[in-house]
>>> print(open('structure.tsv').read())   # TSV, C-alpha atoms
chain	number	residue	atom	x	y	z
F	208	MET	CA	59.15	67.65	21.01
F	209	ARG	CA	59.47	70.96	22.81
F	210	PRO	CA	61.99	73.40	21.29
F	211	SER	CA	65.04	74.31	23.32
F	212	LEU	CA	65.24	77.62	25.14
F	213	ARG	CA	67.88	78.85	22.70
F	214	THR	CA	65.70	78.02	19.69
F	215	LEU	CA	62.72	79.69	21.31
F	216	ALA	CA	64.71	82.83	22.11
F	217	ILE	CA	66.03	83.08	18.54
F	218	ALA	CA	62.52	82.64	17.14
F	219	ALA	CA	61.18	85.32	19.49
F	220	VAL	CA	63.87	87.85	18.54
F	221	ALA	CA	63.50	87.14	14.82
F	222	THR	CA	59.71	87.48	14.92
F	223	ILE	CA	59.80	90.68	16.97
F	224	VAL	CA	62.42	92.27	14.69
F	225	THR	CA	60.40	91.29	11.63
F	226	GLY	CA	57.14	92.54	13.12
F	227	TYR	CA	58.40	95.94	14.16
F	228	ALA	CA	60.32	96.40	10.94
F	229	MET	CA	56.95	95.96	9.23
F	230	VAL	CA	55.42	98.46	11.67
F	231	PHE	CA	57.82	101.22	10.70
F	232	PHE	CA	58.47	100.45	7.03
F	233	SER	CA	55.41	98.80	5.51
F	234	ALA	CA	52.30	99.20	7.70
F	235	PRO	CA	50.20	102.16	6.50
F	236	LEU	CA	49.45	105.11	8.74
F	237	ASP	CA	46.10	105.38	10.46
F	238	VAL	CA	44.02	108.56	10.70
F	239	GLU	CA	45.62	109.07	14.13
F	240	GLY	CA	49.00	109.53	12.51
F	241	PHE	CA	52.35	108.12	13.54
F	242	VAL	CA	51.37	107.74	17.20
F	243	GLN	CA	49.01	104.94	16.18
F	244	LYS	CA	52.03	102.68	15.68
F	245	ILE	CA	52.35	102.30	19.44
F	246	PHE	CA	49.24	100.13	19.10
F	247	TYR	CA	51.45	97.32	17.73
F	248	LEU	CA	53.30	97.25	21.05
F	249	HIS	CA	50.54	98.21	23.48
F	250	VAL	CA	47.91	95.66	22.46
F	251	PRO	CA	50.21	92.60	22.17
F	252	LEU	CA	51.60	93.39	25.62
F	253	ALA	CA	48.08	93.58	27.03
F	254	ILE	CA	46.95	90.33	25.39
F	255	CYS	CA	50.02	88.41	26.55
F	256	ALA	CA	49.69	89.77	30.09
F	257	LEU	CA	46.02	88.79	30.41
F	258	VAL	CA	46.57	85.37	28.83
F	259	GLY	CA	49.54	84.88	31.15
F	260	PHE	CA	47.31	85.46	34.17
F	261	ILE	CA	44.94	82.77	32.91
F	262	VAL	CA	47.87	80.40	32.31
F	263	ALA	CA	48.91	80.97	35.92
F	264	ALA	CA	45.40	80.02	37.07
F	265	ILE	CA	45.59	76.77	35.07
F	266	HIS	CA	48.92	75.87	36.67
F	267	ALA	CA	47.49	76.76	40.09
F	268	ILE	CA	44.61	74.34	39.54
F	269	ARG	CA	47.08	71.62	38.58
F	270	HIS	CA	49.13	72.39	41.69
F	271	LEU	CA	46.14	72.00	43.99
F	272	ARG	CA	45.19	68.74	42.30
F	273	THR	CA	48.65	67.15	42.25
F	274	ASN	CA	50.54	69.07	44.97
F	275	ASP	CA	53.45	69.22	42.51
F	276	PRO	CA	55.70	72.24	43.29
F	277	VAL	CA	56.58	72.51	39.59
F	278	HIS	CA	53.12	73.87	38.84
F	279	ASP	CA	53.38	76.33	41.72
F	280	ALA	CA	56.66	77.61	40.27
F	281	ARG	CA	55.11	77.92	36.81
F	282	ALA	CA	52.14	79.85	38.20
F	283	TYR	CA	54.46	82.20	40.09
F	284	VAL	CA	56.67	82.87	37.05
F	285	SER	CA	53.65	83.36	34.78
F	286	ILE	CA	52.26	86.01	37.13
F	287	HIS	CA	55.68	87.61	37.53
F	288	LEU	CA	56.22	88.04	33.78
F	289	SER	CA	52.62	89.11	33.16
F	290	VAL	CA	52.88	91.84	35.80
F	291	ILE	CA	56.05	93.10	34.07
F	292	PHE	CA	54.20	93.10	30.75
F	293	GLY	CA	51.37	94.93	32.52
F	294	VAL	CA	53.75	97.73	33.44
F	295	GLY	CA	54.57	98.05	29.74
F	296	VAL	CA	50.86	98.17	28.92
F	297	LEU	CA	50.23	101.02	31.34
F	298	LEU	CA	53.27	103.00	30.16
F	299	THR	CA	52.54	102.66	26.44
F	300	GLY	CA	48.87	103.39	27.07
F	301	ALA	CA	49.75	106.56	28.95
F	302	ILE	CA	52.02	107.71	26.11
F	303	TRP	CA	49.26	107.14	23.57
F	304	ALA	CA	46.67	108.87	25.77
F	305	LYS	CA	48.88	111.93	26.20
F	306	ALA	CA	49.40	112.20	22.43
F	307	MET	CA	45.72	111.67	21.55
F	308	TRP	CA	43.75	113.05	24.48
F	309	GLY	CA	46.22	115.49	26.02
F	310	LYS	CA	46.04	113.59	29.33
F	311	TRP	CA	48.16	110.80	30.75
F	312	TRP	CA	45.12	109.07	32.25
F	313	VAL	CA	41.32	109.25	32.00
F	314	TRP	CA	39.47	107.80	34.98
F	315	ASP	CA	36.05	107.55	33.33
F	316	GLU	CA	37.30	105.15	30.63
F	317	PRO	CA	36.33	101.55	31.60
F	318	THR	CA	39.03	99.86	29.50
F	319	LEU	CA	41.85	101.72	31.20
F	320	VAL	CA	40.47	101.45	34.71
F	321	SER	CA	39.61	97.77	34.39
F	322	PHE	CA	43.13	96.84	33.32
F	323	LEU	CA	44.54	98.91	36.17
F	324	ILE	CA	42.30	97.03	38.63
F	325	VAL	CA	43.51	93.67	37.29
F	326	PHE	CA	47.12	94.85	37.44
F	327	LEU	CA	46.83	96.07	41.03
F	328	LEU	CA	45.04	92.87	42.00
F	329	TYR	CA	47.97	90.78	40.83
F	330	CYS	CA	50.44	93.13	42.51
F	331	THR	CA	48.99	91.93	45.84
F	332	TYR	CA	50.08	88.38	44.94
F	333	TYR	CA	53.64	89.05	46.11
F	334	PRO	CA	52.94	90.37	49.65
F	335	LEU	CA	50.39	87.59	50.14
F	336	ARG	CA	52.85	84.91	49.08
F	337	TYR	CA	55.82	86.12	51.09
F	338	ALA	CA	53.81	86.90	54.19
F	339	ILE	CA	53.47	83.12	54.71
F	340	GLU	CA	56.63	81.42	55.97
F	341	ASP	CA	55.53	77.79	55.65
F	342	ARG	CA	56.34	76.70	52.11
F	343	GLU	CA	53.40	74.33	51.68
F	344	ARG	CA	50.82	76.82	52.96
F	345	GLN	CA	52.49	79.55	50.90
F	346	ALA	CA	52.13	77.54	47.70
F	347	ARG	CA	48.57	76.45	48.51
F	348	TYR	CA	47.27	79.92	49.34
F	349	SER	CA	49.06	81.42	46.34
F	350	SER	CA	47.36	78.88	44.08
F	351	VAL	CA	43.95	79.77	45.50
F	352	PHE	CA	44.70	83.44	44.83
F	353	ALA	CA	45.87	82.73	41.26
F	354	ILE	CA	42.69	80.76	40.52
F	355	THR	CA	40.38	83.42	41.96
F	356	ALA	CA	42.15	86.28	40.21
F	357	GLY	CA	42.36	84.29	36.98
F	358	ALA	CA	38.59	83.79	36.98
F	359	PHE	CA	38.20	87.55	37.39
F	360	VAL	CA	40.19	88.32	34.21
F	361	PRO	CA	37.66	87.07	31.59
F	362	LEU	CA	34.73	88.40	33.64
F	363	ASN	CA	36.34	91.80	33.75
F	364	PHE	CA	37.04	91.72	30.00
F	365	LEU	CA	33.44	90.73	29.25
F	366	ALA	CA	32.08	93.52	31.42
F	367	VAL	CA	34.21	96.08	29.59
F	368	ARG	CA	33.13	94.78	26.18
F	369	LEU	CA	29.48	95.09	27.19
F	370	ALA	CA	29.95	98.62	28.52
F	371	GLU	CA	29.15	101.66	26.41
F	372	PRO	CA	32.31	102.82	24.63
F	373	LEU	CA	33.57	106.20	25.69
F	374	ILE	CA	36.80	107.38	24.11
F	375	HIS	CA	39.10	104.35	24.07
F	376	PRO	CA	39.22	102.85	20.55
F	377	ARG	CA	37.98	99.32	19.96
F	378	THR	CA	40.13	97.98	17.19
F	379	PHE	CA	38.47	94.58	16.86
F	380	SER	CA	34.85	95.72	17.10
F	381	SER	CA	32.19	94.18	14.88
F	382	SER	CA	31.59	97.49	13.11
F	383	GLY	CA	35.05	97.50	11.60
F	384	GLY	CA	38.60	96.45	12.05
F	385	LEU	CA	42.11	96.75	10.79
F	386	PRO	CA	42.86	96.65	7.06
F	387	GLY	CA	44.52	93.48	5.83
F	388	GLU	CA	48.12	94.75	5.84
F	389	MET	CA	47.77	96.30	9.29
F	390	MET	CA	46.13	93.15	10.66
F	391	PHE	CA	48.94	90.96	9.30
F	392	THR	CA	51.54	93.26	10.86
F	393	PHE	CA	49.67	93.18	14.16
F	394	LEU	CA	49.53	89.36	14.13
F	395	VAL	CA	53.28	89.12	13.52
F	396	CYS	CA	53.91	91.50	16.44
F	397	LEU	CA	51.52	89.51	18.62
F	398	ALA	CA	53.27	86.25	17.73
F	399	GLY	CA	56.65	87.78	18.54
F	400	MET	CA	55.41	89.08	21.90
F	401	ALA	CA	53.89	85.69	22.75
F	402	LEU	CA	57.14	83.93	21.89
F	403	LEU	CA	59.03	86.44	24.01
F	404	TRP	CA	56.70	85.79	26.98
F	405	VAL	CA	57.15	82.01	26.69
F	406	ALA	CA	60.93	82.34	26.31
F	407	LEU	CA	61.18	84.58	29.38
F	408	VAL	CA	59.02	82.20	31.42
F	409	ARG	CA	61.19	79.24	30.49
F	410	PHE	CA	64.37	81.23	31.14
F	411	GLU	CA	63.22	82.25	34.62
F	412	LEU	CA	62.14	78.69	35.44
F	413	ALA	CA	65.52	77.37	34.29
F	414	SER	CA	67.29	80.04	36.32
F	415	LYS	CA	65.34	79.20	39.46
F	416	GLY	CA	65.97	75.48	38.94
F	417	ALA	CA	69.72	76.05	38.54
F	418	LYS	CA	69.77	78.26	41.63
F	419	ALA	CA	67.96	75.61	43.67
F	420	ASP	CA	70.37	72.89	42.49
F	421	LEU	CA	73.34	75.10	43.35
F	422	GLY	CA	71.93	75.76	46.81
F	423	ARG	CA	71.43	72.05	47.48
F	424	LEU	CA	74.97	71.30	46.29
F	425	ARG	CA	76.42	74.06	48.48
F	426	ARG	CA	74.55	72.81	51.54
F	427	ALA	CA	75.71	69.27	50.86
F	428	LEU	CA	79.34	70.38	50.59
F	429	GLU	CA	79.10	72.50	53.73
F	430	GLY	CA	77.56	69.55	55.56
F	431	GLU	CA	80.55	67.37	54.67
F	432	ASP	CA	83.12	69.97	55.74
F	433	ARG	CA	81.52	71.05	59.02
F	434	PRO	CA	80.99	68.97	62.16
F	435	PRO	CA	77.35	68.34	63.08
F	436	ALA	CA	75.88	71.18	65.15
F	437	PRO	CA	74.15	70.50	68.49
F	438	ALA	CA	70.44	69.89	68.16
F	439	ARG	CA	69.55	72.85	70.39
F	440	ALA	CA	71.47	75.27	68.16
F	441	THR	CA	69.52	74.31	65.04
F	442	ILE	CA	66.51	76.29	63.91
F	443	ALA	CA	64.49	74.18	61.51
F	444	PRO	CA	60.87	73.39	60.73
F	445	ALA	CA	59.24	70.84	62.97
F	446	HIS	CA	59.23	68.04	60.42
F	447	VAL	CA	62.95	68.54	59.70
F	448	SER	CA	63.77	68.43	63.42
F	449	MET	CA	61.73	65.25	63.84
F	450	LEU	CA	63.51	63.54	60.95
F	451	ARG	CA	66.86	64.59	62.37
F	452	SER	CA	65.97	63.29	65.85
F	453	ASP	CA	64.88	59.93	64.44
F	454	ASP	CA	68.10	59.64	62.48
F	455	GLU	CA	70.25	60.46	65.52
F	456	ALA	CA	68.30	57.94	67.62
F	457	ALA	CA	68.94	55.24	65.03
F	458	ARG	CA	72.70	55.93	65.13
F	459	SER	CA	73.01	56.15	68.94
F	460	PRO	CA	73.93	52.95	70.90
F	461	ARG	CA	71.01	51.26	72.62
F	462	PRO	CA	71.20	49.95	76.20
F	463	PRO	CA	71.13	46.19	76.64
F	464	GLY	CA	67.65	44.75	76.51
F	465	ALA	CA	66.18	47.76	74.64
F	466	VAL	CA	63.75	47.01	71.79
>>> encode(input="structure.tsv", output="structure tokens")
Amino acid sequence: MRPSLRTLAIAAVATIVTGYAMVFFSAPLDVEGFVQKIFYLHVPLAICALVGFIVAAIHAIRHLRTNDPVHDARAYVSIHLSVIFGVGVLLTGAIWAKAMWGKWWVWDEPTLVSFLIVFLLYCTYYPLRYAIEDRERQARYSSVFAITAGAFVPLNFLAVRLAEPLIHPRTFSSSGGLPGEMMFTFLVCLAGMALLWVALVRFELASKGAKADLGRLRRALEGEDRPPAPARATIAPAHVSMLRSDDEAARSPRPPGAV
């Protein structure tokens, strides 16, 4: 049984508060000093953003297979929240880079540049989607984009891992890793960030569903209060106009002898 949105939100807040309380009060300092603690925010944001892009690709595949608009909405919201998390990744990364390297950005670092490429790639999702007026084509083309971009995410990550390290630290490299207490703190922060991402996705989906229901109810009420408009004054998609014409023809009186 899936937990309710309220339960999920409470769990996310409790885990995040616990995780970052551990960051500031129990996790030991690294050789980098206090600035290293931004790692507990920067890396979970990055992981959730990249996983969210892959989740969007999975929903896009399901949309193309079933033509169910629910999966298109889930893919859209997953990309939307992951792009927002991506902004947080870039901001926290820039703060850390300024403190450690004396520069806000380093263009010859593959880890930074690769994430920026992925982020900018997904930023083009919005103009592509809203440049298409037809809803069915919009959803179909957006799903193709989400699948293609989602396949690029693990390939990009693999290419960066195989590249020669320059100056960006690799926390989970085979040559070493975080001490036990720091790793536990990081996992709690990661769990809290993942719960937050899921809660925000479900909240946005619920909000969009409620807005759609309200719009349908408003149109139904306006249709009851207003007289029917002439057919020539109505601007509607072709299939809506055809359905309306068939309905009017069924209600209109037929001449004698008509079939």
>>> residues_around(input="structure.tsv", residues="stretch 318-325 of chain F", least_positions_apart="3", cutoff="8 Å", atoms="all atoms listed in the file", output="PyMOL selection string")
chain F and resi 297+313-315+328-329+360+363-364+367+375
>>> write_last_selection(input="structure.tsv", atoms="C-alpha atoms", output="tab-separated table (two decimals), in the frame of the given file")
chain	number	residue	atom	x	y	z
F	297	LEU	CA	50.23	101.02	31.34
F	313	VAL	CA	41.32	109.25	32.00
F	314	TRP	CA	39.47	107.80	34.98
F	315	ASP	CA	36.05	107.55	33.33
F	328	LEU	CA	45.04	92.87	42.00
F	329	TYR	CA	47.97	90.78	40.83
F	360	VAL	CA	40.19	88.32	34.21
F	363	ASN	CA	36.34	91.80	33.75
F	364	PHE	CA	37.04	91.72	30.00
F	367	VAL	CA	34.21	96.08	29.59
F	375	HIS	CA	39.10	104.35	24.07
>>> atom_distance(input="structure.tsv", atom1="atom CA of F:Val351", atom2="atom CA of F:Ala256")
19.2 Å
>>> atom_distance(input="structure.tsv", atom1="atom CA of F:Glu316", atom2="atom CA of F:Ala398")
27.9 Å
>>> residues_near_point(input="structure.tsv", point="(55.8, 98.8, 18.3)", cutoff="9 Å", atoms="all atoms listed in the file", output="PDB file with C-alpha atoms, in the coordinates of the input")
ATOM      1  CA  GLY F 226      57.140  92.540  13.120  1.00  0.00           C
ATOM      2  CA  TYR F 227      58.400  95.940  14.160  1.00  0.00           C
ATOM      3  CA  ALA F 228      60.320  96.400  10.940  1.00  0.00           C
ATOM      4  CA  VAL F 230      55.420  98.460  11.670  1.00  0.00           C
ATOM      5  CA  PHE F 231      57.820 101.220  10.700  1.00  0.00           C
ATOM      6  CA  LYS F 244      52.030 102.680  15.680  1.00  0.00           C
ATOM      7  CA  ILE F 245      52.350 102.300  19.440  1.00  0.00           C
ATOM      8  CA  PHE F 246      49.240 100.130  19.100  1.00  0.00           C
ATOM      9  CA  TYR F 247      51.450  97.320  17.730  1.00  0.00           C
ATOM     10  CA  LEU F 248      53.300  97.250  21.050  1.00  0.00           C
ATOM     11  CA  HIS F 249      50.540  98.210  23.480  1.00  0.00           C
ATOM     12  CA  CYS F 396      53.910  91.500  16.440  1.00  0.00           C
TER      13      CYS F 396
END
>>> residues_around(input="structure.tsv", residues="F:Lys310", least_positions_apart="5", cutoff="8 Å", atoms="all atoms listed in the file", output="list in words")
Ala301, Ala304 and Lys305 of chain F
>>> residues_around(input="structure.tsv", residues="F:Ala221", least_positions_apart="2", cutoff="12 Å", atoms="only C-alpha atoms", output="ChimeraX atom specification")
/F:214-219,223-228,395-396,398-400,402-403
>>> residues_around(input="structure.tsv", residues="F:Gly259", least_positions_apart="3", cutoff="8 Å", atoms="only C-alpha atoms", output="ChimeraX atom specification")
/F:255-256,262-263,285-286,288-289
>>> closest_residue(input="structure.tsv", among="F:Leu257, F:Met389, F:Ile302, F:Met307", to="F:Ser233", atoms="all atoms listed in the file")
F:Met389
>>> closest_residue(input="structure.tsv", among="F:Leu327, F:Ile354, F:Leu362, F:Leu236", to="F:Arg269", atoms="only C-alpha atoms")
F:Ile354
>>> atom_distance(input="structure.tsv", atom1="atom CA of F:Phe391", atom2="atom CA of F:Met229")
9.4 Å
